[in-house]
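So this block is work_4.pdb, PDB, C-alpha atoms:
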ATOM      1  CA  MET A 210      -0.910   8.404  25.422
ATOM      2  CA  THR A 211      -2.988   8.343  22.243
ATOM      3  CA  LYS A 212      -6.652   9.214  22.613
ATOM      4  CA  ARG A 213      -8.775   6.075  22.096
ATOM      5  CA  SER A 214     -10.991   7.685  19.472
ATOM      6  CA  SER A 215      -8.151   9.046  17.396
ATOM      7  CA  ARG A 216      -6.952   7.833  14.030
ATOM      8  CA  ASP A 217      -3.532   7.178  15.580
ATOM      9  CA  TYR A 218      -5.097   4.871  18.122
ATOM     10  CA  PHE A 219      -7.029   2.990  15.428
ATOM     11  CA  ILE A 220      -3.937   2.562  13.246
ATOM     12  CA  ASN A 221      -1.743   1.472  16.159
ATOM     13  CA  ASP A 222      -4.410  -0.820  17.600
ATOM     14  CA  ARG A 223      -4.811  -2.676  14.305
ATOM     15  CA  SER A 224      -1.032  -3.056  14.073
ATOM     16  CA  SER A 225      -0.654  -4.222  17.676
ATOM     17  CA  MET A 226      -3.345  -6.854  17.043
ATOM     18  CA  GLY A 227      -1.142  -8.213  14.260
ATOM     19  CA  LEU A 228      -3.689  -7.474  11.546
ATOM     20  CA  LEU A 229      -1.419  -5.142   9.561
ATOM     21  CA  PRO A 230       2.161  -3.848   9.635
ATOM     22  CA  VAL A 231       2.923  -0.697  11.637
ATOM     23  CA  ASP A 232       3.176   1.481   8.533
ATOM     24  CA  TRP A 233       0.014   0.224   6.811
ATOM     25  CA  ILE A 234      -1.517   3.728   6.510
ATOM     26  CA  SER A 235      -0.711   7.231   7.702
ATOM     27  CA  THR A 236      -3.070   9.318   9.796
ATOM     28  CA  LYS A 237      -3.102  11.960   7.050
ATOM     29  CA  THR A 238      -4.094   9.422   4.401
ATOM     30  CA  LEU A 239      -6.809   7.972   6.634
ATOM     31  CA  SER A 240      -8.122  11.471   7.349
ATOM     32  CA  ASN A 241      -8.137  12.366   3.650
ATOM     33  CA  ILE A 242     -10.068   9.194   2.804
ATOM     34  CA  GLU A 243     -12.581   9.777   5.603
ATOM     35  CA  ASN A 244     -13.141  13.372   4.507
ATOM     36  CA  GLY A 245     -13.501  12.551   0.804
ATOM     37  CA  ARG A 246     -10.308  14.269  -0.303
ATOM     38  CA  ASN A 247      -8.665  11.056  -1.526
ATOM     39  CA  LEU A 248     -10.091   8.015  -3.250
ATOM     40  CA  PRO A 249      -8.326   4.933  -1.854
ATOM     41  CA  SER A 250      -6.690   2.366  -4.104
ATOM     42  CA  LEU A 251      -7.928  -1.210  -4.101
ATOM     43  CA  ILE A 252      -4.898  -2.185  -2.015
ATOM     44  CA  THR A 253      -5.752   0.459   0.587
ATOM     45  CA  LEU A 254      -9.397  -0.642   0.584
ATOM     46  CA  LYS A 255      -8.256  -4.214   1.199
ATOM     47  CA  LYS A 256      -6.117  -3.047   4.139
ATOM     48  CA  LEU A 257      -9.044  -1.051   5.512
ATOM     49  CA  SER A 258     -11.305  -4.097   5.287
ATOM     50  CA  ILE A 259      -8.725  -6.072   7.270
ATOM     51  CA  ALA A 260      -8.388  -3.266   9.820
ATOM     52  CA  LEU A 261     -12.155  -2.949  10.177
ATOM     53  CA  GLU A 262     -12.468  -6.738  10.264
ATOM     54  CA  ILE A 263     -15.120  -6.810   7.552
ATOM     55  CA  ASP A 264     -15.284  -8.608   4.243
ATOM     56  CA  PHE A 265     -13.658  -6.686   1.374
ATOM     57  CA  ILE A 266     -16.718  -7.058  -0.879
ATOM     58  CA  ASP A 267     -19.000  -5.793   1.892
ATOM     59  CA  LEU A 268     -16.783  -2.713   2.293
ATOM     60  CA  VAL A 269     -16.837  -2.024  -1.442
ATOM     61  CA  LYS A 270     -20.630  -2.371  -1.509
ATOM     62  CA  GLU A 271     -20.901  -0.007   1.465
ATOM     63  CA  ILE A 272     -18.815   2.749  -0.155
ATOM     64  CA  GLU A 273     -20.162   2.281  -3.679
ATOM     65  CA  LYS A 274     -22.766   5.010  -3.184
ATOM     66  CA  TYR A 275     -19.992   7.543  -2.540
ATOM     67  CA  LEU A 276     -18.176   6.811  -5.813
ATOM     68  CA  TYR A 277     -20.666   8.531  -8.087
TER      69      TYR A 277
END

Would you give me this structure, written as structure tokens?
Amino acid sequence: MTKRSSRDYFINDRSSMGLLPVDWISTKTLSNIENGRNLPSLITLKKLSIALEIDFIDLVKEIEKYLY
């Protein structure tokens, strides 16, 4: 069983809710984004906004401070 707080759980939960396809993001990619090793594309940001159930523009505004 996947630990509820894990990235795997988050990814699978969003897929099982029908928000995104099963392969929408890998745990490694999500980890790299969270830890600042990768800058996500606009497509990935859009998928993350869907997964987090927040408006895309609000997500972009929230992360803007980390882009400089």

All residues 12 Å or closer to segment 225-240 of chain A, all atoms listed in the file, same chain fewer than 4 positions away omitted, as a ChimeraX atom specification: /A:215-221,244-250,252-262

note - atom CA of Glu273 of chain A and atom CA of Leu251 of chain A are separated by 12.7 Å

Would you work out the distance separating atom CA of Glu243 of chain A from atom CA of Leu268 of chain A, expressed in Å to one decimal?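 It comes out at 13.6 Å.
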
Computed interatomic separation between atom CA of Phe265 of chain A and atom CA of Ser214 of chain A (Å):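 Between atom CA of Phe265 of chain A and atom CA of Ser214 of chain A the gap works out to 23.3 Å.
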
From the block I gave, I'd like segment 261-274 of chain A written with all heavy atoms, as an mmCIF file, in the first residue's frame.
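Contents of part.cif, as written:
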data_model
loop_
_atom_site.group_PDB
_atom_site.id
_atom_site.type_symbol
_atom_site.label_atom_id
_atom_site.label_comp_id
_atom_site.auth_asym_id
_atom_site.auth_seq_id
_atom_site.Cartn_x
_atom_site.Cartn_y
_atom_site.Cartn_z
ATOM 1 N N LEU A 261 -3.830 19.838 -8.322
ATOM 2 C CA LEU A 261 -3.983 20.547 -7.050
ATOM 3 C C LEU A 261 -5.350 21.213 -6.915
ATOM 4 O O LEU A 261 -5.679 21.761 -5.861
ATOM 5 C CB LEU A 261 -2.884 21.606 -6.918
ATOM 6 C CG LEU A 261 -1.470 21.059 -6.806
ATOM 7 C CD1 LEU A 261 -0.450 22.170 -6.997
ATOM 8 C CD2 LEU A 261 -1.265 20.348 -5.478
ATOM 9 N N GLU A 262 -6.111 21.162 -8.010
ATOM 10 C CA GLU A 262 -7.454 21.727 -8.063
ATOM 11 C C GLU A 262 -7.442 23.222 -7.726
ATOM 12 O O GLU A 262 -8.254 23.719 -6.936
ATOM 13 C CB GLU A 262 -8.417 20.963 -7.157
ATOM 14 C CG GLU A 262 -8.558 19.500 -7.565
ATOM 15 C CD GLU A 262 -9.547 18.733 -6.724
ATOM 16 O OE1 GLU A 262 -10.761 19.029 -6.841
ATOM 17 O OE2 GLU A 262 -9.111 17.847 -5.972
ATOM 18 N N ILE A 263 -6.480 23.922 -8.361
ATOM 19 C CA ILE A 263 -6.412 25.371 -8.242
ATOM 20 C C ILE A 263 -6.316 25.979 -9.634
ATOM 21 O O ILE A 263 -5.910 25.314 -10.587
ATOM 22 C CB ILE A 263 -5.222 25.845 -7.367
ATOM 23 C CG1 ILE A 263 -3.889 25.425 -7.971
ATOM 24 C CG2 ILE A 263 -5.357 25.353 -5.947
ATOM 25 C CD1 ILE A 263 -2.684 26.027 -7.264
ATOM 26 N N ASP A 264 -6.679 27.215 -9.747
ATOM 27 C CA ASP A 264 -6.633 27.915 -11.015
ATOM 28 C C ASP A 264 -5.185 28.023 -11.504
ATOM 29 O O ASP A 264 -4.272 28.304 -10.714
ATOM 30 C CB ASP A 264 -7.239 29.310 -10.847
ATOM 31 C CG ASP A 264 -7.286 30.069 -12.150
ATOM 32 O OD1 ASP A 264 -8.108 29.699 -13.019
ATOM 33 O OD2 ASP A 264 -6.487 31.015 -12.304
ATOM 34 N N PHE A 265 -4.975 27.813 -12.787
ATOM 35 C CA PHE A 265 -3.643 27.858 -13.387
ATOM 36 C C PHE A 265 -2.950 29.189 -13.116
ATOM 37 O O PHE A 265 -1.785 29.234 -12.712
ATOM 38 C CB PHE A 265 -3.740 27.596 -14.895
ATOM 39 C CG PHE A 265 -2.441 27.730 -15.621
ATOM 40 C CD1 PHE A 265 -1.434 26.794 -15.458
ATOM 41 C CD2 PHE A 265 -2.210 28.806 -16.456
ATOM 42 C CE1 PHE A 265 -0.220 26.912 -16.133
ATOM 43 C CE2 PHE A 265 -1.002 28.940 -17.136
ATOM 44 C CZ PHE A 265 -0.016 27.986 -16.972
ATOM 45 N N ILE A 266 -3.656 30.290 -13.300
ATOM 46 C CA ILE A 266 -3.076 31.622 -13.089
ATOM 47 C C ILE A 266 -2.679 31.801 -11.629
ATOM 48 O O ILE A 266 -1.615 32.366 -11.323
ATOM 49 C CB ILE A 266 -4.050 32.735 -13.546
ATOM 50 C CG1 ILE A 266 -4.349 32.613 -15.047
ATOM 51 C CG2 ILE A 266 -3.496 34.111 -13.198
ATOM 52 C CD1 ILE A 266 -3.133 32.704 -15.951
ATOM 53 N N ASP A 267 -3.497 31.314 -10.711
ATOM 54 C CA ASP A 267 -3.152 31.405 -9.290
ATOM 55 C C ASP A 267 -1.881 30.622 -8.985
ATOM 56 O O ASP A 267 -1.046 31.074 -8.199
ATOM 57 C CB ASP A 267 -4.302 30.898 -8.417
ATOM 58 C CG ASP A 267 -5.511 31.812 -8.444
ATOM 59 O OD1 ASP A 267 -5.357 32.996 -8.808
ATOM 60 O OD2 ASP A 267 -6.615 31.340 -8.098
ATOM 61 N N LEU A 268 -1.722 29.459 -9.596
ATOM 62 C CA LEU A 268 -0.497 28.667 -9.407
ATOM 63 C C LEU A 268 0.715 29.419 -9.937
ATOM 64 O O LEU A 268 1.743 29.505 -9.265
ATOM 65 C CB LEU A 268 -0.616 27.299 -10.087
ATOM 66 C CG LEU A 268 0.624 26.409 -10.004
ATOM 67 C CD1 LEU A 268 0.965 26.066 -8.558
ATOM 68 C CD2 LEU A 268 0.424 25.145 -10.821
ATOM 69 N N VAL A 269 0.602 29.977 -11.117
ATOM 70 C CA VAL A 269 1.716 30.727 -11.706
ATOM 71 C C VAL A 269 2.080 31.916 -10.818
ATOM 72 O O VAL A 269 3.262 32.162 -10.565
ATOM 73 C CB VAL A 269 1.377 31.186 -13.146
ATOM 74 C CG1 VAL A 269 2.428 32.138 -13.674
ATOM 75 C CG2 VAL A 269 1.235 29.972 -14.066
ATOM 76 N N LYS A 270 1.092 32.629 -10.318
ATOM 77 C CA LYS A 270 1.361 33.757 -9.426
ATOM 78 C C LYS A 270 2.064 33.289 -8.149
ATOM 79 O O LYS A 270 2.954 33.965 -7.632
ATOM 80 C CB LYS A 270 0.063 34.476 -9.057
ATOM 81 C CG LYS A 270 -0.501 35.304 -10.177
ATOM 82 C CD LYS A 270 -1.806 35.944 -9.762
ATOM 83 C CE LYS A 270 -2.417 36.731 -10.889
ATOM 84 N NZ LYS A 270 -3.736 37.285 -10.530
ATOM 85 N N GLU A 271 1.654 32.136 -7.654
ATOM 86 C CA GLU A 271 2.229 31.596 -6.413
ATOM 87 C C GLU A 271 3.701 31.205 -6.591
ATOM 88 O O GLU A 271 4.509 31.407 -5.692
ATOM 89 C CB GLU A 271 1.418 30.383 -5.954
ATOM 90 C CG GLU A 271 1.748 29.885 -4.585
ATOM 91 C CD GLU A 271 1.423 30.861 -3.474
ATOM 92 O OE1 GLU A 271 0.445 31.624 -3.596
ATOM 93 O OE2 GLU A 271 2.168 30.880 -2.484
ATOM 94 N N ILE A 272 4.061 30.677 -7.741
ATOM 95 C CA ILE A 272 5.450 30.232 -7.944
ATOM 96 C C ILE A 272 6.334 31.300 -8.567
ATOM 97 O O ILE A 272 7.547 31.119 -8.643
ATOM 98 C CB ILE A 272 5.522 28.944 -8.787
ATOM 99 C CG1 ILE A 272 5.035 29.187 -10.201
ATOM 100 C CG2 ILE A 272 4.746 27.825 -8.110
ATOM 101 C CD1 ILE A 272 5.354 28.076 -11.157
ATOM 102 N N GLU A 273 5.750 32.408 -8.982
ATOM 103 C CA GLU A 273 6.502 33.459 -9.654
ATOM 104 C C GLU A 273 7.725 33.900 -8.855
ATOM 105 O O GLU A 273 8.811 34.108 -9.418
ATOM 106 C CB GLU A 273 5.592 34.657 -9.916
ATOM 107 C CG GLU A 273 6.253 35.782 -10.646
ATOM 108 C CD GLU A 273 5.312 36.939 -10.900
ATOM 109 O OE1 GLU A 273 4.333 37.111 -10.146
ATOM 110 O OE2 GLU A 273 5.557 37.664 -11.860
ATOM 111 N N LYS A 274 7.596 33.988 -7.557
ATOM 112 C CA LYS A 274 8.713 34.445 -6.719
ATOM 113 C C LYS A 274 9.913 33.504 -6.752
ATOM 114 O O LYS A 274 11.016 33.894 -6.443
ATOM 115 C CB LYS A 274 8.242 34.651 -5.290
ATOM 116 C CG LYS A 274 7.664 33.419 -4.638
ATOM 117 C CD LYS A 274 7.034 33.740 -3.296
ATOM 118 C CE LYS A 274 6.173 32.572 -2.861
ATOM 119 N NZ LYS A 274 5.107 32.950 -1.997
#
